[in-house]
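Colleague: Questions regarding the structure given below will be posed in turn.
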Amino acid sequence: MELRILGSGTSTPAPDRNCAGYLVRTTGKMFLVEAGPGTLRHLAKLGTDLKEIHHIFITHFHIDHFNDLPAILFAMKYGLPEGRGDLTIHGPEGLKENFRAIHQAYGNQIDSEKYDVKIIEHGDNSYEIESVKVTTLPMEHSAPAIGYRFDGANGKSLAYSGDTAPCSNIIKLAMGADALLMDCSRPDGSPLPGHSTTSEAAAVAKKAEVKTLILTHIYPDNDTTDLEARAAKFFDGIVIAARDGMRITL
Ligand SMILES: [Zn+2]
Ligand SMILES: [Zn+2]
């Protein structure tokens, strides 16, 4: 399983961090996770063939996680005139309504007669896609949000918190995973409701007994060179501070 960081930033603009975006590859399949501003350009920078993306997973509808979606659909329609299969967009409750609003705004700019777009809302459930087991659980954020866990056919697993405060569900979702990609928005001493601080992210990783903690959704004032060392005080496993473009193999 491979995780590619497309965007490890937040709503606050940062020169080296796009808004949320990740690419998960496992057993030849490619999942796009989040579609924050900058995602489409980063996919192009990596030479990603959009035809290979058949599933997009969204954690919630804040702009920094969602707003490249119309641009991606537009690119899929006009940038790839030939041969793409159907697309499924996964997200929390409200996805259908949000998608209707996007559709109302952009209509035939994003509609293609060449492929179908399916919308699936998730809460607390588990399902299989292309031989990957996907599990979702509601997270604790200022808007309805879910986290995802991907258990690949190769036995490797990745849990992703999206935006969340530390909560029992993220511990449950990540339990025993090879890696946890975790909200690490704020420095200790400067918390933000619905998000996690560095020590809180590390404490979740410890409680969930994951092997590797990947810190992401990093606000500029938490973006320090000793971020990994600060998290490592609270978690004994491997700690990686995400950087845009980084490739992590599990
Ligand atoms: Zn966010
Ligand atoms: Zn958010």
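Going by the structure tokens order, chains are called A, B, ..., each with residues numbered from 1, while ligands are numbered from 1 in the order shown.
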Show me which residues are within 7 Å of ligand 2 counting only C-alpha atoms and all ligand atoms, and format the list as JSON, numbers by chain.
Modeller: {"A": [60, 62, 141, 142, 143, 163]}
Colleague: Please dump the current selection as an mmCIF file, in the first residue's frame; keep C-alpha atoms.
Modeller:
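In the end it all went to selection.cif:
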```cif
data_model
loop_
_atom_site.group_PDB
_atom_site.id
_atom_site.type_symbol
_atom_site.label_atom_id
_atom_site.label_comp_id
_atom_site.auth_asym_id
_atom_site.auth_seq_id
_atom_site.Cartn_x
_atom_site.Cartn_y
_atom_site.Cartn_z
ATOM 1 C CA HIS A 60 -16.464 16.506 5.235
ATOM 2 C CA HIS A 62 -15.206 22.234 4.545
ATOM 3 C CA HIS A 141 -15.436 18.074 14.208
ATOM 4 C CA SER A 142 -17.291 21.365 13.794
ATOM 5 C CA ALA A 143 -19.188 19.876 10.833
ATOM 6 C CA ASP A 163 -10.388 16.776 10.813
#
```
Colleague: Find the residues near His195 (chain A): any atom within 8 Å, counting only C-alpha atoms, skip ones fewer than 4 places away on the same chain, and give them as a list in words.
Modeller: His141, Asp163, Thr164, Ala165, Pro166, Asp183, Cys184, Ser185, Arg186 and Pro191 of chain A
Colleague: What's the 7 Å shell around region 88-99 of chain A, counting only C-alpha atoms, without same-chain residues fewer than 4 positions away, as a ChimeraX atom specification?
Modeller: /A:54-60,103,117-123,144-146
Colleague: Deliver the residues from the most recent selection as a file, using N, CA and C atoms, as an mmCIF file, in the first residue's frame.
Modeller:
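The resulting file, result.cif, is reproduced below:
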```cif
data_model
loop_
_atom_site.group_PDB
_atom_site.id
_atom_site.type_symbol
_atom_site.label_atom_id
_atom_site.label_comp_id
_atom_site.auth_asym_id
_atom_site.auth_seq_id
_atom_site.Cartn_x
_atom_site.Cartn_y
_atom_site.Cartn_z
ATOM 1 N N HIS A 54 -11.376 5.896 -9.749
ATOM 2 C CA HIS A 54 -12.784 5.520 -9.817
ATOM 3 C C HIS A 54 -13.494 5.725 -8.481
ATOM 4 N N HIS A 55 -12.715 6.082 -7.462
ATOM 5 C CA HIS A 55 -13.324 6.326 -6.153
ATOM 6 C C HIS A 55 -12.687 7.559 -5.513
ATOM 7 N N ILE A 56 -13.534 8.471 -5.056
ATOM 8 C CA ILE A 56 -13.068 9.651 -4.324
ATOM 9 C C ILE A 56 -13.723 9.612 -2.951
ATOM 10 N N PHE A 57 -12.914 9.780 -1.920
ATOM 11 C CA PHE A 57 -13.413 9.721 -0.539
ATOM 12 C C PHE A 57 -13.264 11.101 0.105
ATOM 13 N N ILE A 58 -14.371 11.627 0.600
ATOM 14 C CA ILE A 58 -14.375 12.952 1.230
ATOM 15 C C ILE A 58 -14.742 12.775 2.705
ATOM 16 N N THR A 59 -14.022 13.472 3.584
ATOM 17 C CA THR A 59 -14.350 13.328 5.014
ATOM 18 C C THR A 59 -15.442 14.288 5.458
ATOM 19 N N HIS A 60 -15.437 15.522 4.894
ATOM 20 C CA HIS A 60 -16.464 16.506 5.235
ATOM 21 C C HIS A 60 -16.413 17.642 4.226
ATOM 22 N N HIS A 103 -24.006 20.465 -8.680
ATOM 23 C CA HIS A 103 -24.605 20.183 -9.970
ATOM 24 C C HIS A 103 -25.458 21.346 -10.446
ATOM 25 N N VAL A 117 -21.693 8.979 -12.430
ATOM 26 C CA VAL A 117 -21.171 9.352 -11.112
ATOM 27 C C VAL A 117 -22.152 8.858 -10.070
ATOM 28 N N LYS A 118 -21.640 8.060 -9.153
ATOM 29 C CA LYS A 118 -22.478 7.501 -8.093
ATOM 30 C C LYS A 118 -22.085 8.186 -6.780
ATOM 31 N N ILE A 119 -23.075 8.482 -5.956
ATOM 32 C CA ILE A 119 -22.812 9.166 -4.684
ATOM 33 C C ILE A 119 -23.217 8.226 -3.554
ATOM 34 N N ILE A 120 -22.312 7.985 -2.618
ATOM 35 C CA ILE A 120 -22.653 7.117 -1.479
ATOM 36 C C ILE A 120 -22.335 7.839 -0.168
ATOM 37 N N GLU A 121 -23.340 7.905 0.695
ATOM 38 C CA GLU A 121 -23.145 8.511 2.020
ATOM 39 C C GLU A 121 -22.839 7.419 3.046
ATOM 40 N N HIS A 122 -21.887 7.696 3.908
ATOM 41 C CA HIS A 122 -21.484 6.722 4.917
ATOM 42 C C HIS A 122 -21.554 7.324 6.318
ATOM 43 N N GLY A 123 -21.801 6.458 7.276
ATOM 44 C CA GLY A 123 -21.743 6.848 8.684
ATOM 45 C C GLY A 123 -20.806 5.895 9.383
ATOM 46 N N PRO A 144 -20.396 17.787 10.332
ATOM 47 C CA PRO A 144 -20.456 16.323 10.240
ATOM 48 C C PRO A 144 -19.272 15.804 9.428
ATOM 49 N N ALA A 145 -18.529 14.857 10.011
ATOM 50 C CA ALA A 145 -17.299 14.378 9.367
ATOM 51 C C ALA A 145 -17.113 12.903 9.673
ATOM 52 N N ILE A 146 -16.480 12.214 8.741
ATOM 53 C CA ILE A 146 -16.155 10.805 8.977
ATOM 54 C C ILE A 146 -14.660 10.584 8.744
#
```
Colleague: List every residue of chain A that has an atom at most 8 Å from any atom of ligand 1, and for each one report the closest atom pair and its distance in Å to one decimal, counting only C-alpha atoms and all ligand atoms, with rows sorted by chain and then by increasing residue number, as a Markdown table.
Modeller:
```
| residue | atom | partner | partner_atom_place_in_ligand_line | distance |
| --- | --- | --- | --- | --- |
| A:Gly9 | CA | ligand 1 | 1 (Zn) | 7.9 |
| A:Thr10 | CA | ligand 1 | 1 (Zn) | 5.2 |
| A:Ser11 | CA | ligand 1 | 1 (Zn) | 6.2 |
| A:Cys19 | CA | ligand 1 | 1 (Zn) | 7.5 |
| A:Ala20 | CA | ligand 1 | 1 (Zn) | 6.8 |
| A:His62 | CA | ligand 1 | 1 (Zn) | 6.4 |
| A:Ile63 | CA | ligand 1 | 1 (Zn) | 7.7 |
| A:Asp64 | CA | ligand 1 | 1 (Zn) | 5.4 |
| A:His65 | CA | ligand 1 | 1 (Zn) | 6.0 |
| A:Gly162 | CA | ligand 1 | 1 (Zn) | 7.3 |
| A:Asp163 | CA | ligand 1 | 1 (Zn) | 5.5 |
| A:His217 | CA | ligand 1 | 1 (Zn) | 6.6 |
```
Colleague: From the list A:Leu3, A:Ala35, A:Ala208, A:Leu69, which residue is nearest Leu23 (chain A) when using only C-alpha atoms?
Modeller: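 The shortest atom-to-atom distance to Leu23 (chain A) comes from A:Leu3.
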Colleague: What is the distance between CA of Ile248 (chain A) and CA of Phe61 (chain A), in Å to one decimal?
Modeller: 26.0 Å
Colleague: Considering only C-alpha atoms, state which residue in the set A:Thr12, A:Gly21, A:Glu52, A:Phe31 is at the smallest distance from Asn67 (chain A).
Modeller: A:Gly21
Colleague: Which residue out of A:Ala105, A:Leu46, A:Leu250, A:Leu137 has the minimum interatomic distance to Lys156 (chain A) when only C-alpha atoms are used?
Modeller: A:Leu250
Colleague: Ranking A:Leu180, A:Leu80, A:Ala153, A:Ala231 by minimum distance to Ala203 (chain A) and counting only C-alpha atoms, which one comes first?
Modeller: A:Ala231
Colleague: So which one's closest to Pro187 (chain A), A:Arg230, A:Arg149, A:Lys133, A:Lys172? Using only C-alpha atoms, please.
Modeller: A:Arg230
Colleague: Quick one: residues within 10 Å of Glu209 (chain A), only C-alpha atoms counted, chain neighbours fewer than 5 positions away excluded, as a ChimeraX atom specification?
Modeller: /A:171,174-180,203-204,235-237
Colleague: Suppose we keep C-alpha atoms; can you now write the selection as a PDB file, in the first residue's frame?
Modeller:
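To be explicit, this is the file written out as again_33.pdb:
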```pdb
ATOM      1  CA  ILE A 171      -8.955   5.237  18.317  1.00  0.00           C
ATOM      2  CA  ALA A 174      -7.141   3.175  13.810  1.00  0.00           C
ATOM      3  CA  MET A 175      -6.768   0.255  16.235  1.00  0.00           C
ATOM      4  CA  GLY A 176      -3.716  -1.792  15.300  1.00  0.00           C
ATOM      5  CA  ALA A 177      -3.301  -0.120  11.885  1.00  0.00           C
ATOM      6  CA  ASP A 178       0.052   0.024  10.148  1.00  0.00           C
ATOM      7  CA  ALA A 179      -0.312   3.771   9.846  1.00  0.00           C
ATOM      8  CA  LEU A 180      -2.548   6.535  11.128  1.00  0.00           C
ATOM      9  CA  ALA A 203      -1.806  10.080  22.307  1.00  0.00           C
ATOM     10  CA  VAL A 204      -4.389   8.758  19.833  1.00  0.00           C
ATOM     11  CA  PHE A 235       4.257   7.936  21.111  1.00  0.00           C
ATOM     12  CA  ASP A 236       6.892   5.211  20.812  1.00  0.00           C
ATOM     13  CA  GLY A 237       6.298   4.208  17.187  1.00  0.00           C
TER      14      GLY A 237
END
```
Colleague: For Gly7 (chain A), please output as an MDAnalysis selection string all residues within 12 Å (counting only C-alpha atoms; exclusion window: fewer than 3 positions along the same chain).
Modeller: chainID A and resid 3:4 10:11 13:23 32:43 64:65 68 215:219 242:247
Colleague: Pick out the closest residue to Asn222 (chain A) from this set: A:Asp188, A:Lys207, A:Phe150, A:Ala202. Count only C-alpha atoms.
Modeller: A:Asp188
